[in-house]
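**Student:** If it helps, the file is called structure12.pdb and holds PDB, C-alpha atoms:
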ATOM      1  CA  MET A1015      26.054 143.425 104.104
ATOM      2  CA  ILE A1016      24.391 141.504 106.932
ATOM      3  CA  GLY A1017      24.985 137.788 106.350
ATOM      4  CA  TYR A1018      24.242 136.339 109.782
ATOM      5  CA  LEU A1019      22.234 137.216 112.888
ATOM      6  CA  LYS A1020      22.208 135.755 116.370
ATOM      7  CA  GLY A1021      19.779 137.285 118.805
ATOM      8  CA  LYS A1022      16.507 137.045 120.695
ATOM      9  CA  VAL A1023      13.181 136.713 118.899
ATOM     10  CA  LEU A1024      11.048 139.641 120.031
ATOM     11  CA  LYS A1025       7.948 138.969 117.930
ATOM     12  CA  ILE A1026       6.854 136.539 115.223
ATOM     13  CA  TYR A1027       4.434 137.715 112.518
ATOM     14  CA  THR A1028       2.910 135.943 109.523
ATOM     15  CA  ASP A1029       5.871 136.279 107.170
ATOM     16  CA  TYR A1030       8.566 137.981 109.230
ATOM     17  CA  ALA A1031      10.031 138.147 112.700
ATOM     18  CA  ILE A1032      11.778 140.826 114.730
ATOM     19  CA  VAL A1033      15.137 139.611 116.019
ATOM     20  CA  VAL A1034      16.915 141.785 118.572
ATOM     21  CA  VAL A1035      20.708 141.914 118.318
ATOM     22  CA  GLY A1036      22.640 144.296 120.551
ATOM     23  CA  GLY A1037      19.543 146.327 121.340
ATOM     24  CA  VAL A1038      18.565 146.720 117.674
ATOM     25  CA  GLY A1039      15.469 144.963 116.311
ATOM     26  CA  TYR A1040      15.926 143.531 112.802
ATOM     27  CA  GLU A1041      12.819 142.793 110.720
ATOM     28  CA  VAL A1042      13.615 139.514 108.948
ATOM     29  CA  TYR A1043      11.472 137.805 106.303
ATOM     30  CA  CYS A1044      11.953 134.111 107.003
ATOM     31  CA  SER A1045      11.664 130.742 105.281
ATOM     32  CA  GLY A1046       9.413 128.077 106.764
ATOM     33  CA  SER A1047      12.328 126.170 108.291
ATOM     34  CA  ALA A1048      13.707 129.372 109.831
ATOM     35  CA  PHE A1049      10.315 130.041 111.417
ATOM     36  CA  SER A1050      10.263 126.490 112.774
ATOM     37  CA  LYS A1051      13.394 127.267 114.806
ATOM     38  CA  MET A1052      11.846 130.324 116.435
ATOM     39  CA  THR A1053      10.119 130.868 119.746
ATOM     40  CA  GLU A1054       9.295 134.335 121.015
ATOM     41  CA  GLY A1055      11.703 135.284 123.781
ATOM     42  CA  ALA A1056      14.253 132.630 122.784
ATOM     43  CA  GLU A1057      17.564 133.018 120.972
ATOM     44  CA  VAL A1058      17.868 132.165 117.300
ATOM     45  CA  GLU A1059      20.642 132.001 114.693
ATOM     46  CA  LEU A1060      19.855 132.944 111.103
ATOM     47  CA  TYR A1061      21.851 133.087 107.881
ATOM     48  CA  THR A1062      20.661 136.212 106.130
ATOM     49  CA  TYR A1063      20.551 137.958 102.777
ATOM     50  CA  MET A1064      20.180 141.734 102.629
ATOM     51  CA  GLN A1065      18.469 143.268  99.619
ATOM     52  CA  VAL A1066      18.925 146.959  98.887
ATOM     53  CA  SER A1067      16.673 148.496  96.252
ATOM     54  CA  GLU A1068      15.326 151.932  95.386
ATOM     55  CA  ALA A1069      11.753 150.658  95.327
ATOM     56  CA  ASN A1070      11.719 148.709  98.602
ATOM     57  CA  GLY A1071      14.626 150.152 100.574
ATOM     58  CA  ILE A1072      16.469 147.560 102.655
ATOM     59  CA  SER A1073      14.982 144.119 103.280
ATOM     60  CA  LEU A1074      16.483 141.240 105.224
ATOM     61  CA  TYR A1075      15.732 137.567 104.520
ATOM     62  CA  GLY A1076      16.518 134.796 107.011
ATOM     63  CA  PHE A1077      17.342 131.091 106.586
ATOM     64  CA  ALA A1078      17.853 128.158 108.908
ATOM     65  CA  THR A1079      21.036 126.867 107.232
ATOM     66  CA  GLU A1080      23.794 127.975 104.874
ATOM     67  CA  GLN A1081      22.524 125.436 102.321
ATOM     68  CA  GLU A1082      19.066 126.982 102.390
ATOM     69  CA  LYS A1083      20.549 130.434 101.844
ATOM     70  CA  ALA A1084      22.663 129.095  98.968
ATOM     71  CA  THR A1085      19.526 127.630  97.360
ATOM     72  CA  PHE A1086      17.762 130.980  97.766
ATOM     73  CA  LEU A1087      20.661 132.795  96.067
ATOM     74  CA  LYS A1088      20.476 130.391  93.132
ATOM     75  CA  LEU A1089      16.739 130.963  92.886
ATOM     76  CA  ILE A1090      16.934 134.749  92.811
ATOM     77  CA  SER A1091      19.671 134.632  90.168
ATOM     78  CA  ILE A1092      16.956 133.516  87.742
ATOM     79  CA  SER A1093      15.129 136.165  85.738
ATOM     80  CA  GLY A1094      11.631 136.681  87.117
ATOM     81  CA  VAL A1095      12.393 135.302  90.593
ATOM     82  CA  GLY A1096      12.823 138.002  93.224
ATOM     83  CA  PRO A1097      13.611 137.618  96.940
ATOM     84  CA  LYS A1098       9.944 137.453  97.970
ATOM     85  CA  MET A1099       9.286 134.684  95.458
ATOM     86  CA  GLY A1100      12.463 132.903  96.545
ATOM     87  CA  ILE A1101      11.416 132.958 100.194
ATOM     88  CA  SER A1102       7.925 131.762  99.193
ATOM     89  CA  VAL A1103       9.408 128.729  97.438
ATOM     90  CA  LEU A1104      11.480 127.842 100.515
ATOM     91  CA  THR A1105       8.471 128.309 102.761
ATOM     92  CA  TYR A1106       6.281 126.078 100.604
ATOM     93  CA  MET A1107       8.905 123.323 100.330
ATOM     94  CA  SER A1108      12.140 122.237 101.985
ATOM     95  CA  VAL A1109      15.525 122.395 100.247
ATOM     96  CA  ASN A1110      15.276 118.610  99.725
ATOM     97  CA  ASP A1111      11.834 118.867  98.134
ATOM     98  CA  PHE A1112      12.931 121.751  95.932
ATOM     99  CA  ALA A1113      16.012 119.835  94.780
ATOM    100  CA  ALA A1114      13.871 116.793  94.005
ATOM    101  CA  ALA A1115      11.364 118.894  92.050
ATOM    102  CA  VAL A1116      14.150 120.438  89.948
ATOM    103  CA  ALA A1117      15.893 117.072  89.402
ATOM    104  CA  THR A1118      12.707 115.410  88.211
ATOM    105  CA  GLY A1119      11.453 118.384  86.189
ATOM    106  CA  ASP A1120       8.329 118.594  88.335
ATOM    107  CA  ILE A1121       6.804 121.759  86.885
ATOM    108  CA  LYS A1122       3.440 121.086  88.535
ATOM    109  CA  ARG A1123       4.958 121.008  92.032
ATOM    110  CA  LEU A1124       6.972 124.187  91.526
ATOM    111  CA  SER A1125       4.129 126.095  89.907
ATOM    112  CA  SER A1126       1.890 125.229  92.867
ATOM    113  CA  VAL A1127       3.842 127.828  94.870
ATOM    114  CA  LYS A1128       1.628 130.908  95.166
ATOM    115  CA  GLY A1129       2.566 133.471  92.525
ATOM    116  CA  LEU A1130       4.947 131.168  90.648
ATOM    117  CA  GLY A1131       3.623 130.430  87.175
ATOM    118  CA  LYS A1132       4.344 127.563  84.826
ATOM    119  CA  LYS A1133       6.799 129.544  82.667
ATOM    120  CA  THR A1134       8.841 130.595  85.694
ATOM    121  CA  ALA A1135       8.834 127.005  86.983
ATOM    122  CA  GLU A1136      10.133 125.838  83.599
ATOM    123  CA  ARG A1137      12.860 128.496  83.703
ATOM    124  CA  ILE A1138      13.929 127.436  87.212
ATOM    125  CA  ILE A1139      14.243 123.809  86.133
ATOM    126  CA  LEU A1140      16.055 124.694  82.908
ATOM    127  CA  GLU A1141      18.608 126.938  84.623
ATOM    128  CA  LEU A1142      19.205 124.974  87.818
ATOM    129  CA  ARG A1143      18.947 121.361  86.753
ATOM    130  CA  ASP A1144      22.608 121.116  85.737
ATOM    131  CA  LYS A1145      23.988 123.649  88.216
ATOM    132  CA  MET A1146      22.484 122.936  91.580
ATOM    133  CA  ALA A1147      24.075 120.363  93.868
ATOM    134  CA  LEU A1148      22.154 118.870  96.753
ATOM    135  CA  PRO A1149      23.238 120.184 100.176
ATOM    136  CA  ALA A1150      26.063 118.055 101.557
ATOM    137  CA  ASP A1151      24.456 117.663 104.961
ATOM    138  CA  ILE A1152      21.412 115.782 103.659
ATOM    139  CA  GLY A1153      23.252 113.043 101.875
ATOM    140  CA  GLY A1154      24.633 111.084 104.792
ATOM    141  CA  LYS A1155      27.454 110.241 102.405
ATOM    142  CA  VAL A1156      30.050 109.002 104.866
ATOM    143  CA  ALA A1157      27.668 106.552 106.479
ATOM    144  CA  ALA A1158      26.218 105.526 103.127
ATOM    145  CA  GLU A1159      29.585 104.523 101.723
ATOM    146  CA  SER A1160      29.908 101.869 104.424
ATOM    147  CA  LEU A1161      26.644 100.194 103.391
ATOM    148  CA  PRO A1162      26.522  97.293 100.921
ATOM    149  CA  ARG A1163      25.939  98.265  97.311
ATOM    150  CA  ALA A1164      22.414  97.692  96.031
ATOM    151  CA  ALA A1165      21.768  96.147  92.659
ATOM    152  CA  VAL A1166      19.533  97.982  90.208
ATOM    153  CA  SER A1167      18.251  96.936  86.818
ATOM    154  CA  SER A1168      19.503  98.354  83.528
ATOM    155  CA  GLY A1169      16.175 100.147  83.220
ATOM    156  CA  ASP A1170      17.101 102.320  86.182
ATOM    157  CA  GLU A1171      20.204 103.779  84.526
ATOM    158  CA  ASP A1172      18.456 107.071  83.736
ATOM    159  CA  ALA A1173      17.648 107.496  87.427
ATOM    160  CA  VAL A1174      21.237 106.606  88.382
ATOM    161  CA  VAL A1175      22.620 109.192  85.952
ATOM    162  CA  ALA A1176      20.183 111.846  87.225
ATOM    163  CA  LEU A1177      21.233 111.306  90.844
ATOM    164  CA  MET A1178      24.929 111.241  89.949
ATOM    165  CA  SER A1179      24.507 114.595  88.191
ATOM    166  CA  TRP A1180      23.393 115.959  91.567
ATOM    167  CA  GLY A1181      26.623 114.926  93.240
ATOM    168  CA  TYR A1182      25.883 111.423  94.511
ATOM    169  CA  SER A1183      28.198 108.491  93.848
ATOM    170  CA  ARG A1184      26.921 105.559  91.770
ATOM    171  CA  ALA A1185      26.753 103.377  94.888
ATOM    172  CA  GLU A1186      24.676 105.965  96.762
ATOM    173  CA  ALA A1187      22.376 106.418  93.759
ATOM    174  CA  GLU A1188      21.833 102.680  93.360
ATOM    175  CA  ARG A1189      21.045 102.195  97.052
ATOM    176  CA  ALA A1190      18.600 105.106  97.036
ATOM    177  CA  ILE A1191      16.853 103.836  93.889
ATOM    178  CA  ALA A1192      16.531 100.319  95.282
ATOM    179  CA  ARG A1193      15.043 101.754  98.471
ATOM    180  CA  ALA A1194      12.617 103.964  96.523
ATOM    181  CA  LYS A1195      11.413 101.031  94.411
ATOM    182  CA  SER A1196      10.968  98.860  97.483
ATOM    183  CA  GLU A1197       8.675 101.558  98.866
ATOM    184  CA  GLY A1198       6.489 101.481  95.766
ATOM    185  CA  ALA A1199       7.974 104.084  93.401
ATOM    186  CA  ALA A1200       7.475 102.937  89.812
ATOM    187  CA  THR A1201       7.862 105.741  87.256
ATOM    188  CA  LEU A1202      11.239 107.388  86.602
ATOM    189  CA  GLU A1203      10.031 110.667  88.115
ATOM    190  CA  ASP A1204       8.669 108.968  91.242
ATOM    191  CA  ILE A1205      11.840 106.901  91.700
ATOM    192  CA  ILE A1206      14.127 109.968  91.474
ATOM    193  CA  PHE A1207      11.903 112.052  93.749
ATOM    194  CA  ALA A1208      11.625 109.292  96.365
ATOM    195  CA  ALA A1209      15.336 108.516  96.144
ATOM    196  CA  ILE A1210      16.372 112.118  96.791
ATOM    197  CA  LYS A1211      13.901 112.508  99.652
ATOM    198  CA  GLY A1212      15.262 109.318 101.211
ATOM    199  CA  MET A1213      18.905 110.379 100.997
TER     200      MET A1213
END
Once you've parsed the file, please lay out its structure as structure tokens.
**Tutor:**
Amino acid sequence: MIGYLKGKVLKIYTDYAIVVVGGVGYEVYCSGSAFSKMTEGAEVELYTYMQVSEANGISLYGFATEQEKATFLKLISISGVGPKMGISVLTYMSVNDFAAAVATGDIKRLSSVKGLGKKTAERIILELRDKMALPADIGGKVAAESLPRAAVSSGDEDAVVALMSWGYSRAEAERAIARAKSEGAATLEDIIFAAIKGM
């Protein structure tokens, strides 16, 4: 299996790029963040997933980070979500935005991805809500622990619990919620979404 590529970008197309490694050009279907790292003629590093199927032969999918690839693998483990749909989700939204949409049960946001219907969005939320942890590199956890603890009201406990279920400490959750509310978030869904995006 090909899990990683480092080479020169020969050509960038609408949904894939050709990356040359050791004289061989690999056709890689890329996420939006992977594309953002690319410039034709420049070197790029990609974490990749190789799909082998009778119908489509061999396809290679590229990601900017290990966390993005891990999110993709969780997505395609769900019935009805194939690699092309998985890459579409991660092109339409970042890992952070996807995590926030799942955490808040935002079916509307997920189903706005082209080709992803409401039932599939519901299935994604149902299956990943309790399993998926936010990528460690977006939390800023070490720095956050040194900050003073923010006070939140008892009415915010549901938001605190939701964030803690995604791997954040209570102190981190409370600080993020206080910040989200100070920026205007009011409903539970808005507070959780804003808190995760601000982490």
**Student:** Using atom CA of Tyr1063 of chain A and atom CA of Gly1037 of chain A as the two end points, give the distance in Å to one decimal.
**Tutor:**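 Atom CA of Tyr1063 of chain A sits 20.4 Å away from atom CA of Gly1037 of chain A.
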**Student:** Counting all atoms listed in the file, which of A:Leu1140, A:Leu1060, A:Val1109, A:Val1103 gets nearest to Ser1125 of chain A?
**Tutor:** A:Val1103
**Student:** Skipping near chain neighbours, those fewer than 3 positions away, what residues fall within 12 Å of Thr1201 of chain A using only C-alpha atoms, listed as a list in words?
**Tutor:** Thr1118, Gly1169, Asp1170, Asp1172, Ala1173, Ile1191, Ala1194, Lys1195, Gly1198, Asp1204, Ile1205, Ile1206, Phe1207, Ala1208 and Ala1209 of chain A
**Student:** In Å to one decimal, how far is atom CA of Lys1083 of chain A from atom CA of Val1175 of chain A?
**Tutor:**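 Atom CA of Lys1083 of chain A lies at a distance of 26.6 Å from atom CA of Val1175 of chain A.
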**Student:** When the PyMOL selection byres ((chain A and resi 1098) around 12) is applied to the structure above, which residues does it catch, written out as an mmCIF file with C-alpha atoms, keeping the file's coordinate frame?
**Tutor:**
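Saved to expr26.cif:
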data_model
loop_
_atom_site.group_PDB
_atom_site.id
_atom_site.type_symbol
_atom_site.label_atom_id
_atom_site.label_comp_id
_atom_site.auth_asym_id
_atom_site.auth_seq_id
_atom_site.Cartn_x
_atom_site.Cartn_y
_atom_site.Cartn_z
ATOM 1 C CA ASP A 1029 5.871 136.279 107.170
ATOM 2 C CA TYR A 1030 8.566 137.981 109.230
ATOM 3 C CA VAL A 1042 13.615 139.514 108.948
ATOM 4 C CA TYR A 1043 11.472 137.805 106.303
ATOM 5 C CA CYS A 1044 11.953 134.111 107.003
ATOM 6 C CA SER A 1045 11.664 130.742 105.281
ATOM 7 C CA TYR A 1063 20.551 137.958 102.777
ATOM 8 C CA GLN A 1065 18.469 143.268 99.619
ATOM 9 C CA ASN A 1070 11.719 148.709 98.602
ATOM 10 C CA SER A 1073 14.982 144.119 103.280
ATOM 11 C CA LEU A 1074 16.483 141.240 105.224
ATOM 12 C CA TYR A 1075 15.732 137.567 104.520
ATOM 13 C CA GLY A 1076 16.518 134.796 107.011
ATOM 14 C CA PHE A 1086 17.762 130.980 97.766
ATOM 15 C CA LEU A 1087 20.661 132.795 96.067
ATOM 16 C CA LEU A 1089 16.739 130.963 92.886
ATOM 17 C CA ILE A 1090 16.934 134.749 92.811
ATOM 18 C CA GLY A 1094 11.631 136.681 87.117
ATOM 19 C CA VAL A 1095 12.393 135.302 90.593
ATOM 20 C CA GLY A 1096 12.823 138.002 93.224
ATOM 21 C CA PRO A 1097 13.611 137.618 96.940
ATOM 22 C CA MET A 1099 9.286 134.684 95.458
ATOM 23 C CA GLY A 1100 12.463 132.903 96.545
ATOM 24 C CA ILE A 1101 11.416 132.958 100.194
ATOM 25 C CA SER A 1102 7.925 131.762 99.193
ATOM 26 C CA VAL A 1103 9.408 128.729 97.438
ATOM 27 C CA LEU A 1104 11.480 127.842 100.515
ATOM 28 C CA THR A 1105 8.471 128.309 102.761
ATOM 29 C CA VAL A 1127 3.842 127.828 94.870
ATOM 30 C CA LYS A 1128 1.628 130.908 95.166
ATOM 31 C CA GLY A 1129 2.566 133.471 92.525
ATOM 32 C CA LEU A 1130 4.947 131.168 90.648
#
**Student:** Using Å and a single decimal, report how far atom CA of Ile1032 of chain A sits from atom CA of Glu1068 of chain A.
**Tutor:** 22.6 Å
**Student:** Using the chain letters and numbers from this file, what does the PyMOL selection byres ((chain A and resi 1117) around 9) select? Give the answer as number ranges by chain.
**Tutor:** A: 1112-1116, 1118-1120, 1139, 1142-1144, 1176-1177, 1180, 1203, 1206-1207, 1210
**Student:** In terms of the shortest atom-to-atom distance over only C-alpha atoms, which of A:Gly1055, A:Ser1047, A:Gly1131, A:Ser1179 is closest to Val1033 of chain A?
**Tutor:**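 Using only C-alpha atoms, Val1033 of chain A sits closest to A:Gly1055.
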**Student:** Out of A:Ile1016, A:Tyr1040, A:Ser1091, A:Phe1049, which residue has the shortest atom-to-atom distance to Tyr1061 of chain A when counting all atoms listed in the file?
**Tutor:**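 Using all atoms listed in the file, Tyr1061 of chain A sits closest to A:Ile1016.
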**Student:** In the coordinate frame of the file, compute which residues have an atom within 9 Å of (9.6, 137.5, 119.4) when using all atoms listed in the file, and state them as a list of chain:residue names.
**Tutor:**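 Returned residue set, sorted by chain then number, is A:Lys1022, A:Val1023, A:Leu1024, A:Lys1025, A:Ile1026, A:Tyr1027, A:Ala1031, A:Ile1032, A:Val1033, A:Val1034, A:Met1052, A:Thr1053, A:Glu1054, A:Gly1055, A:Ala1056.
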**Student:** Using all atoms listed in the file, find the one residue out of A:Ser1108, A:Ser1050, A:Ser1067, A:Thr1079 that sits nearest to Leu1019 of chain A.
**Tutor:** A:Thr1079
**Student:** Could you give me the axis-aligned bounding box of segment 1177-1190 of chain A, with 6 Å of padding per side, as centre plus edge lengths in Å to one decimal, as lines of an AutoDock Vina configuration file?
**Tutor:**
center_x = 23.4
center_y = 109.1
center_z = 92.6
size_x = 21.6
size_y = 25.8
size_z = 20.9
**Student:** Given the file shown, enumerate the residues that the PyMOL selection byres ((chain A and resi 1020) around 6) captures and present them as a VMD selection string.
**Tutor:** chain A and resid 1019 1021 1058 to 1059
**Student:** Can I get the selected residues back with C-alpha atoms, as a compact mmCIF listing (two decimals), in the coordinates of the input?
**Tutor:**
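In the end it all went to selection_29.txt:
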# COMPACT_ATOMS: atom_id res chain seq x y z
CA LEU A 1019 22.23 137.22 112.89
CA GLY A 1021 19.78 137.28 118.80
CA VAL A 1058 17.87 132.16 117.30
CA GLU A 1059 20.64 132.00 114.69
**Student:** Out of A:Met1015, A:Ala1048, A:Ile1092, A:Leu1202, which residue has the shortest atom-to-atom distance to Arg1137 of chain A when counting only C-alpha atoms?
**Tutor:**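 Smallest distance to Arg1137 of chain A is found for A:Ile1092.
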